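J.: You'll find model15.txt just under this line, and it carries compact mmCIF, C-alpha atoms.
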```
# COMPACT_ATOMS: atom_id res chain seq x y z
CA VAL A 1067 87.13 115.84 113.24
CA CYS A 1068 83.41 115.61 112.35
CA ASP A 1069 83.67 111.85 111.96
CA HIS A 1070 85.46 111.40 115.29
CA ILE A 1071 83.02 113.62 117.21
CA ALA A 1072 80.11 111.59 115.88
CA TYR A 1073 81.79 108.25 116.64
CA CYS A 1074 82.80 109.27 120.16
CA PHE A 1075 79.80 111.25 121.41
CA LEU A 1076 76.75 110.49 119.25
CA MET A 1077 76.93 106.82 118.19
CA ASP A 1078 74.84 105.49 121.08
CA THR A 1079 72.53 108.50 121.34
CA ALA A 1080 69.18 107.72 119.72
CA SER A 1081 67.99 111.35 119.80
CA CYS A 1082 71.04 112.46 117.79
CA HIS A 1083 70.91 109.78 115.12
CA THR A 1084 70.43 112.29 112.28
CA ALA A 1085 73.34 114.42 113.49
CA TYR A 1086 75.43 111.26 113.86
CA LEU A 1087 74.80 110.22 110.24
CA ALA A 1088 75.37 113.73 108.92
CA LEU A 1089 78.72 114.08 110.68
CA ARG A 1090 79.86 110.57 109.68
CA ILE A 1091 79.00 111.27 106.03
CA LEU A 1092 80.78 114.64 106.15
CA GLY A 1093 83.77 112.95 107.75
CA ARG A 1094 84.07 110.55 104.79
CA VAL A 1095 85.39 113.43 102.70
CA ALA A 1096 88.63 113.66 104.69
CA PHE A 1097 90.47 110.44 103.93
CA PRO A 1098 90.56 110.67 100.10
CA LEU A 1099 91.88 114.20 100.55
CA PHE A 1100 94.63 112.86 102.84
CA CYS A 1101 95.59 110.39 100.10
CA PHE A 1102 95.49 113.07 97.42
CA LEU A 1103 97.65 115.47 99.43
CA LEU A 1104 100.07 112.65 100.20
CA VAL A 1105 100.53 112.16 96.46
CA GLN A 1106 101.06 115.89 95.95
CA GLY A 1107 103.59 115.91 98.77
CA PHE A 1108 105.42 112.99 97.21
CA LEU A 1109 105.54 114.71 93.81
CA TYR A 1110 106.78 118.06 95.12
CA THR A 1111 108.79 117.32 98.28
CA GLY A 1112 112.43 118.34 98.20
CA ASN A 1113 113.46 115.66 100.70
CA LEU A 1114 111.60 112.35 100.66
CA ARG A 1115 113.55 110.99 103.63
CA ARG A 1116 112.42 113.88 105.84
CA TYR A 1117 108.88 113.37 104.56
CA PHE A 1118 108.99 109.74 105.72
CA LEU A 1119 110.50 110.71 109.08
CA ARG A 1120 107.82 113.33 109.76
CA LEU A 1121 105.08 110.81 109.02
CA PHE A 1122 106.72 108.23 111.32
CA LEU A 1123 107.05 110.81 114.10
CA PHE A 1124 103.42 111.91 113.93
CA ALA A 1125 102.22 108.29 113.53
CA PHE A 1126 103.88 107.24 116.79
CA LEU A 1127 102.78 110.41 118.62
CA SER A 1128 99.21 109.82 117.48
CA GLU A 1129 99.05 106.12 118.36
CA ILE A 1130 98.36 106.46 122.11
CA PRO A 1131 95.51 108.99 121.63
CA PHE A 1132 94.14 106.76 118.85
CA ASP A 1133 94.19 103.63 121.03
CA LEU A 1134 92.62 105.49 123.95
CA PHE A 1135 89.90 106.80 121.65
CA ALA A 1136 89.19 103.56 119.78
CA TYR A 1137 90.02 100.81 122.30
CA HIS A 1138 90.12 102.59 125.69
CA ARG A 1139 93.70 101.55 126.47
CA PHE A 1140 97.11 103.14 126.06
CA PHE A 1141 98.33 100.62 123.52
CA SER A 1142 96.53 98.00 121.45
CA PHE A 1143 97.41 95.75 118.52
CA ARG A 1144 93.78 95.67 117.42
CA GLY A 1145 94.33 98.61 115.07
CA GLN A 1146 96.82 101.34 114.15
CA ASN A 1147 96.06 104.95 113.28
CA VAL A 1148 95.68 106.19 109.72
CA LEU A 1149 99.14 107.73 109.56
CA PHE A 1150 100.62 104.23 109.40
CA THR A 1151 98.43 103.65 106.33
CA LEU A 1152 99.83 106.84 104.82
CA ILE A 1153 103.39 105.66 105.54
CA LEU A 1154 102.75 102.42 103.65
CA SER A 1155 101.08 104.42 100.88
CA LEU A 1156 104.11 106.70 100.61
CA PHE A 1157 106.37 103.65 100.47
CA SER A 1158 104.25 102.23 97.64
CA LEU A 1159 104.61 105.52 95.73
CA PHE A 1160 108.38 105.36 96.19
CA LEU A 1161 108.41 101.87 94.67
CA LEU A 1162 105.99 102.76 91.86
CA GLU A 1163 108.20 105.64 90.81
CA ARG A 1164 111.20 103.30 90.65
CA ILE A 1165 109.63 100.55 88.52
CA GLY A 1166 107.99 102.78 85.88
CA LYS A 1167 104.99 101.69 83.79
CA ARG A 1168 105.20 97.91 84.18
CA PRO A 1169 101.70 96.60 84.97
CA VAL A 1170 102.76 93.34 86.64
CA PHE A 1171 105.11 95.10 89.05
CA ILE A 1172 102.54 97.84 89.71
CA LEU A 1173 99.92 95.27 90.72
CA LEU A 1174 102.47 93.39 92.82
CA ILE A 1175 103.53 96.50 94.73
CA LEU A 1176 99.93 97.55 95.43
CA ALA A 1177 99.02 94.00 96.47
CA VAL A 1178 101.98 93.59 98.84
CA CYS A 1179 101.50 97.01 100.47
CA SER A 1180 97.75 96.35 100.81
CA PHE A 1181 98.50 93.00 102.43
CA LEU A 1182 100.91 94.65 104.88
CA ALA A 1183 98.29 97.26 105.77
CA MET A 1184 95.75 94.52 106.51
CA ILE A 1185 98.25 92.48 108.55
CA LEU A 1186 99.23 95.54 110.59
CA LYS A 1187 95.52 96.47 110.92
CA THR A 1188 96.05 100.08 109.96
CA ASP A 1189 93.04 102.35 109.66
CA TYR A 1190 91.51 102.14 106.14
CA ALA A 1191 94.15 99.47 105.35
CA SER A 1192 94.12 98.38 101.69
CA GLU A 1193 91.66 101.10 100.69
CA GLY A 1194 94.27 103.74 101.50
CA ILE A 1195 96.95 101.98 99.46
CA LEU A 1196 94.67 101.61 96.44
CA LEU A 1197 93.27 105.15 96.58
CA THR A 1198 96.76 106.60 96.76
CA GLY A 1199 97.95 104.34 93.93
CA VAL A 1200 95.10 105.41 91.65
CA LEU A 1201 95.62 109.10 92.43
CA TYR A 1202 99.31 108.76 91.58
CA LEU A 1203 99.23 106.44 88.57
CA TRP A 1204 96.42 108.27 86.76
CA ARG A 1205 97.21 111.82 87.83
CA GLU A 1206 97.47 112.82 84.15
CA GLU A 1207 94.40 110.81 83.06
CA ARG A 1208 91.56 112.41 85.00
CA LEU A 1209 88.70 110.40 83.46
CA ASN A 1210 90.32 107.06 84.29
CA GLN A 1211 91.14 108.38 87.73
CA PHE A 1212 87.55 109.51 88.33
CA VAL A 1213 85.95 106.22 87.22
CA THR A 1214 88.35 104.06 89.24
CA LEU A 1215 87.97 106.20 92.36
CA CYS A 1216 84.17 105.98 92.10
CA VAL A 1217 84.37 102.19 91.87
CA LEU A 1218 86.77 101.93 94.81
CA MET A 1219 84.68 104.22 96.98
CA GLY A 1220 81.42 102.55 95.94
CA ILE A 1221 82.38 99.06 97.10
CA GLN A 1222 83.55 100.02 100.58
CA GLY A 1223 80.34 99.56 102.55
CA TRP A 1224 77.30 101.66 103.32
CA ILE A 1225 79.01 104.88 104.38
CA ASN A 1226 82.33 105.04 102.53
CA PRO A 1227 80.68 105.67 99.13
CA PHE A 1228 80.10 109.19 100.44
CA GLN A 1229 83.85 109.66 99.96
CA ILE A 1230 82.87 110.56 96.40
CA LEU A 1231 81.98 113.98 97.83
CA SER A 1232 85.74 114.62 98.02
CA LEU A 1233 86.17 114.45 94.24
CA PRO A 1234 84.91 118.00 93.49
CA LEU A 1235 87.49 119.31 95.98
CA ILE A 1236 90.24 117.40 94.17
CA TRP A 1237 89.08 118.82 90.83
CA PHE A 1238 89.04 122.27 92.41
CA TYR A 1239 92.68 121.77 93.40
CA TYR A 1240 93.59 120.71 89.87
CA ALA A 1241 91.88 123.81 88.49
CA GLY A 1242 93.67 126.00 91.02
CA GLU A 1243 96.99 124.34 90.21
CA LYS A 1244 96.51 125.19 86.55
CA GLY A 1245 95.66 128.78 87.49
CA VAL A 1246 98.78 129.07 89.67
CA SER A 1247 100.95 127.77 86.82
CA GLU A 1248 99.50 130.38 84.49
CA GLN A 1249 99.95 133.07 87.13
CA ASN A 1250 103.58 132.07 87.73
CA ALA A 1251 104.23 132.26 83.99
CA LEU A 1252 102.74 135.77 83.96
CA VAL A 1253 104.82 136.80 86.98
CA ALA A 1254 107.96 135.50 85.31
CA LYS A 1255 107.08 137.39 82.15
CA GLU A 1256 106.35 140.67 83.88
CA GLY A 1257 109.05 140.37 86.55
CA ASN A 1258 106.60 141.20 89.34
CA LEU A 1259 108.66 139.37 91.99
CA SER A 1260 107.55 141.39 95.05
CA VAL A 1261 103.91 140.32 94.64
CA HIS A 1262 105.01 136.75 93.98
CA LYS A 1263 107.09 136.64 97.19
CA GLU A 1264 104.24 138.11 99.26
CA LYS A 1265 101.86 135.40 98.01
CA ASN A 1266 104.41 132.70 98.81
CA VAL A 1267 104.70 133.97 102.41
CA ARG A 1268 100.90 133.79 102.84
CA LYS A 1269 100.90 130.32 101.29
CA ARG A 1270 103.53 129.05 103.75
CA THR A 1271 101.52 130.44 106.69
CA VAL A 1272 98.42 128.50 105.58
CA GLN A 1273 100.54 125.38 104.96
CA LYS A 1274 101.86 125.45 108.54
CA TYR A 1275 98.30 125.49 109.92
CA PHE A 1276 97.22 122.44 107.90
CA TYR A 1277 100.53 120.69 108.64
CA TYR A 1278 100.06 120.73 112.42
CA PHE A 1279 96.26 120.39 112.55
CA PRO A 1280 95.77 116.66 111.66
CA PRO A 1281 97.86 115.19 114.52
```
For this file, produce the structure as structure tokens.
T.:
Amino acid sequence: VCDHIAYCFLMDTASCHTAYLALRILGRVAFPLFCFLLVQGFLYTGNLRRYFLRLFLFAFLSEIPFDLFAYHRFFSFRGQNVLFTLILSLFSLFLLERIGKRPVFILLILAVCSFLAMILKTDYASEGILLTGVLYLWREERLNQFVTLCVLMGIQGWINPFQILSLPLIWFYYAGEKGVSEQNALVAKEGNLSVHKEKNVRKRTVQKYFYYFPP
């Protein structure tokens, strides 16, 4: 939202140049988090087909507002919204899971999906495919993941390196995930199911908010 406000209202305003830069830099944090949460969704979803269908639905619903915002017309082939990038990223994860740890096939899948993203002119294109791939493939090797993400983010132009600001939030999630696992083990040990159910209800309420907010 910060990024889009700056792009739409402040880009050509000389007096607001500092605010424009600040909001664009802050907005860089969002996309790596989208990729990260896509990976988490892929790992934990109970129905991958429905996950794909939801992304397709929101991608098509978002395309007209995106084209009006970016190109001032109802439909344009000049670029597609970021949800189409996430669809291709999810497809790449599906393939990566099927082929296992075979480096040649991993590189081929990432290359083909990146090429498709560039041909279709999706927002973030190959960067989205590669970020998602790194987050998935090295989810258990945090140091390798961190170094590779820094390199990917650092070669993306003058503003995208600020995506590195998203990494502490990802680490915070990992730390929280570990804490939740320990808490669940304690709940199972003590049999405190009422508290556990109450927390799950609150969690689902928050999830619904973040589910409908991006479109």
J.: Within 12 Å of stretch 1193-1198 of chain A, which residues of stretch 1102-1122 of chain A come that close, and what is the closest atom pair and distance in Å for each? Count all atoms listed in the file and give it as CSV.
T.:
```
residue,atom,partner,partner_atom,distance
A:Phe1102,CA,A:Thr1198,CA,6.6
A:Leu1103,CA,A:Thr1198,CA,9.3
A:Leu1104,CA,A:Thr1198,CA,7.7
A:Val1105,CA,A:Thr1198,CA,6.7
A:Gln1106,CA,A:Thr1198,CA,10.3
A:Gly1107,CA,A:Thr1198,CA,11.7
A:Phe1108,CA,A:Thr1198,CA,10.8
```
J.: Pick the closest to A:Gly1199 from A:Phe1160, A:Phe1118, A:Tyr1239, A:Phe1143: which is it, counting only C-alpha atoms?
T.: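 Of A:Phe1160, A:Phe1118, A:Tyr1239, A:Phe1143, the one nearest A:Gly1199 is A:Phe1160, counting only C-alpha atoms.
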J.: With 3 Å on each side, where is the centre of the axis-aligned box around all listed atoms of stretch 1201-1216 of chain A, and how long are its edges in Å to one decimal, as AutoDock Vina command-line options?
T.:
```
--center_x 91.7 --center_y 108.4 --center_z 87.7 --size_x 21.1 --size_y 14.8 --size_z 15.4
```
J.: What lies within 12 Å of A:Ile1071 using all atoms listed in the file, ignoring chain neighbours under 5 positions off, as a list of chain:residue names?
T.: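 So, after excluding close chain neighbours, the residues are A:Leu1076, A:Met1077, A:Ala1085, A:Tyr1086, A:Leu1087, A:Ala1088, A:Leu1089, A:Arg1090, A:Leu1092, A:Gly1093, A:Phe1135.
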J.: Tell me, in Å to one decimal, how far atom CA of A:Ile1175 is from atom CA of A:Glu1129.
T.: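 Interatomic distance here is 25.9 Å.
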J.: What separation in Å, quoted to one decimal, exists between atom CA of A:Leu1159 and atom CA of A:Tyr1202?
T.: 7.5 Å
J.: Identify which of the residues A:Tyr1117, A:Tyr1190, A:Phe1122, A:Phe1171 lies closest to A:Pro1098, counting all atoms listed in the file when measuring atom-to-atom distances.
T.: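 For A:Pro1098, the nearest of the candidates is A:Tyr1190.
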J.: A:Phe1132: which residues within 12 Å, counting all atoms listed in the file, same-chain residues fewer than 5 positions away excluded, as a list in words?
T.: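 Surrounding residues, per the criterion: His1070, Cys1074, Phe1124, Ala1125, Phe1126, Leu1127, Tyr1137, His1138, Arg1139, Phe1140, Phe1141, Ser1142, Phe1143, Arg1144, Gly1145, Gln1146, Asn1147, Val1148, Leu1149, Phe1150, Thr1188, Asp1189 and Pro1281 of chain A.
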J.: Of the candidates A:Leu1231, A:Ile1236, A:Cys1216, A:Ile1153, which one gets nearest to A:Leu1119 if we count all atoms listed in the file?
T.: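 The shortest atom-to-atom distance to A:Leu1119 comes from A:Ile1153.
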J.: In terms of the shortest atom-to-atom distance over only C-alpha atoms, which of A:Leu1218, A:Leu1235, A:Ala1072, A:Ala1183 is closest to A:Val1200?
T.: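 Going through A:Leu1218, A:Leu1235, A:Ala1072, A:Ala1183 one by one, the smallest distance to A:Val1200 is for A:Leu1218.
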J.: Could you tell me how far atom CA of A:Gly1112 lies from atom CA of A:Leu1156, in Å and to one decimal?
T.: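 Between atom CA of A:Gly1112 and atom CA of A:Leu1156 the gap works out to 14.5 Å.
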J.: Out of A:Leu1161, A:Cys1068, A:Leu1109, A:Ile1130, which residue has the shortest atom-to-atom distance to A:Ile1091 when counting all atoms listed in the file?
T.: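 Result for the nearest residue to A:Ile1091: A:Cys1068.
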J.: Would you list the contacts of A:Ala1096 as a list in words, taking every protein, DNA or RNA residue within 8 Å and counting all atoms listed in the file, but skipping same-chain residues closer than 4 positions in sequence?
T.: Phe1100, Gln1229 and Ser1232 of chain A
J.: Let me make sure I understand: among A:Arg1205, A:Leu1215, A:Lys1187, A:Phe1157, which one has the smallest atom-to-atom distance to A:Arg1115 if we use all atoms listed in the file?
T.: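 Between A:Arg1205, A:Leu1215, A:Lys1187, A:Phe1157, the residue approaching A:Arg1115 most closely is A:Phe1157.
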J.: From the block I gave, I'd like stretch 1097-1154 of chain A written with C-alpha atoms, as a short mmCIF file (atom, residue, chain, number, x, y, z; two decimals), in the first residue's frame.
T.:
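As a result, decode16.cif now contains:
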```cif
data_model
loop_
_atom_site.label_atom_id
_atom_site.label_comp_id
_atom_site.auth_asym_id
_atom_site.auth_seq_id
_atom_site.Cartn_x
_atom_site.Cartn_y
_atom_site.Cartn_z
CA PHE A 1097 7.04 -8.60 -1.88
CA PRO A 1098 9.59 -10.91 -0.20
CA LEU A 1099 7.00 -11.44 2.53
CA PHE A 1100 4.43 -12.40 -0.12
CA CYS A 1101 6.89 -14.97 -1.46
CA PHE A 1102 7.68 -16.27 2.01
CA LEU A 1103 4.01 -16.63 2.95
CA LEU A 1104 3.33 -18.34 -0.37
CA VAL A 1105 5.93 -20.96 0.56
CA GLN A 1106 4.37 -21.40 4.00
CA GLY A 1107 0.96 -21.76 2.41
CA PHE A 1108 2.30 -24.38 0.02
CA LEU A 1109 3.88 -26.35 2.87
CA TYR A 1110 0.82 -26.31 5.11
CA THR A 1111 -2.22 -26.12 2.81
CA GLY A 1112 -4.65 -29.01 3.03
CA ASN A 1113 -5.83 -28.57 -0.56
CA LEU A 1114 -3.33 -27.36 -3.15
CA ARG A 1115 -5.93 -27.27 -5.92
CA ARG A 1116 -8.10 -24.84 -3.96
CA TYR A 1117 -4.99 -22.79 -3.21
CA PHE A 1118 -4.31 -22.47 -6.95
CA LEU A 1119 -7.94 -21.62 -7.70
CA ARG A 1120 -8.05 -18.87 -5.06
CA LEU A 1121 -4.90 -17.30 -6.49
CA PHE A 1122 -6.33 -17.45 -10.03
CA LEU A 1123 -9.59 -15.88 -8.87
CA PHE A 1124 -7.91 -12.98 -7.08
CA ALA A 1125 -5.39 -12.53 -9.93
CA PHE A 1126 -8.17 -12.02 -12.49
CA LEU A 1127 -10.22 -9.82 -10.14
CA SER A 1128 -7.15 -7.66 -9.50
CA GLU A 1129 -6.08 -7.29 -13.14
CA ILE A 1130 -8.49 -4.51 -14.16
CA PRO A 1131 -7.66 -2.30 -11.13
CA PHE A 1132 -3.95 -3.01 -11.76
CA ASP A 1133 -4.17 -2.01 -15.43
CA LEU A 1134 -6.16 1.12 -14.59
CA PHE A 1135 -3.57 2.04 -11.97
CA ALA A 1136 -0.45 1.26 -14.00
CA TYR A 1137 -1.51 1.87 -17.62
CA HIS A 1138 -4.73 3.93 -17.37
CA ARG A 1139 -6.83 1.44 -19.33
CA PHE A 1140 -9.14 -1.42 -18.43
CA PHE A 1141 -6.94 -4.10 -19.95
CA SER A 1142 -3.34 -4.07 -21.13
CA PHE A 1143 -0.79 -6.69 -22.18
CA ARG A 1144 2.06 -4.42 -21.09
CA GLY A 1145 2.14 -6.03 -17.64
CA GLN A 1146 0.21 -8.36 -15.33
CA ASN A 1147 -0.32 -7.99 -11.59
CA VAL A 1148 1.87 -9.68 -9.01
CA LEU A 1149 -0.63 -12.44 -8.27
CA PHE A 1150 0.18 -14.00 -11.64
CA THR A 1151 3.82 -14.10 -10.53
CA LEU A 1152 2.73 -15.87 -7.35
CA ILE A 1153 0.73 -18.39 -9.41
CA LEU A 1154 3.83 -19.25 -11.45
#
```
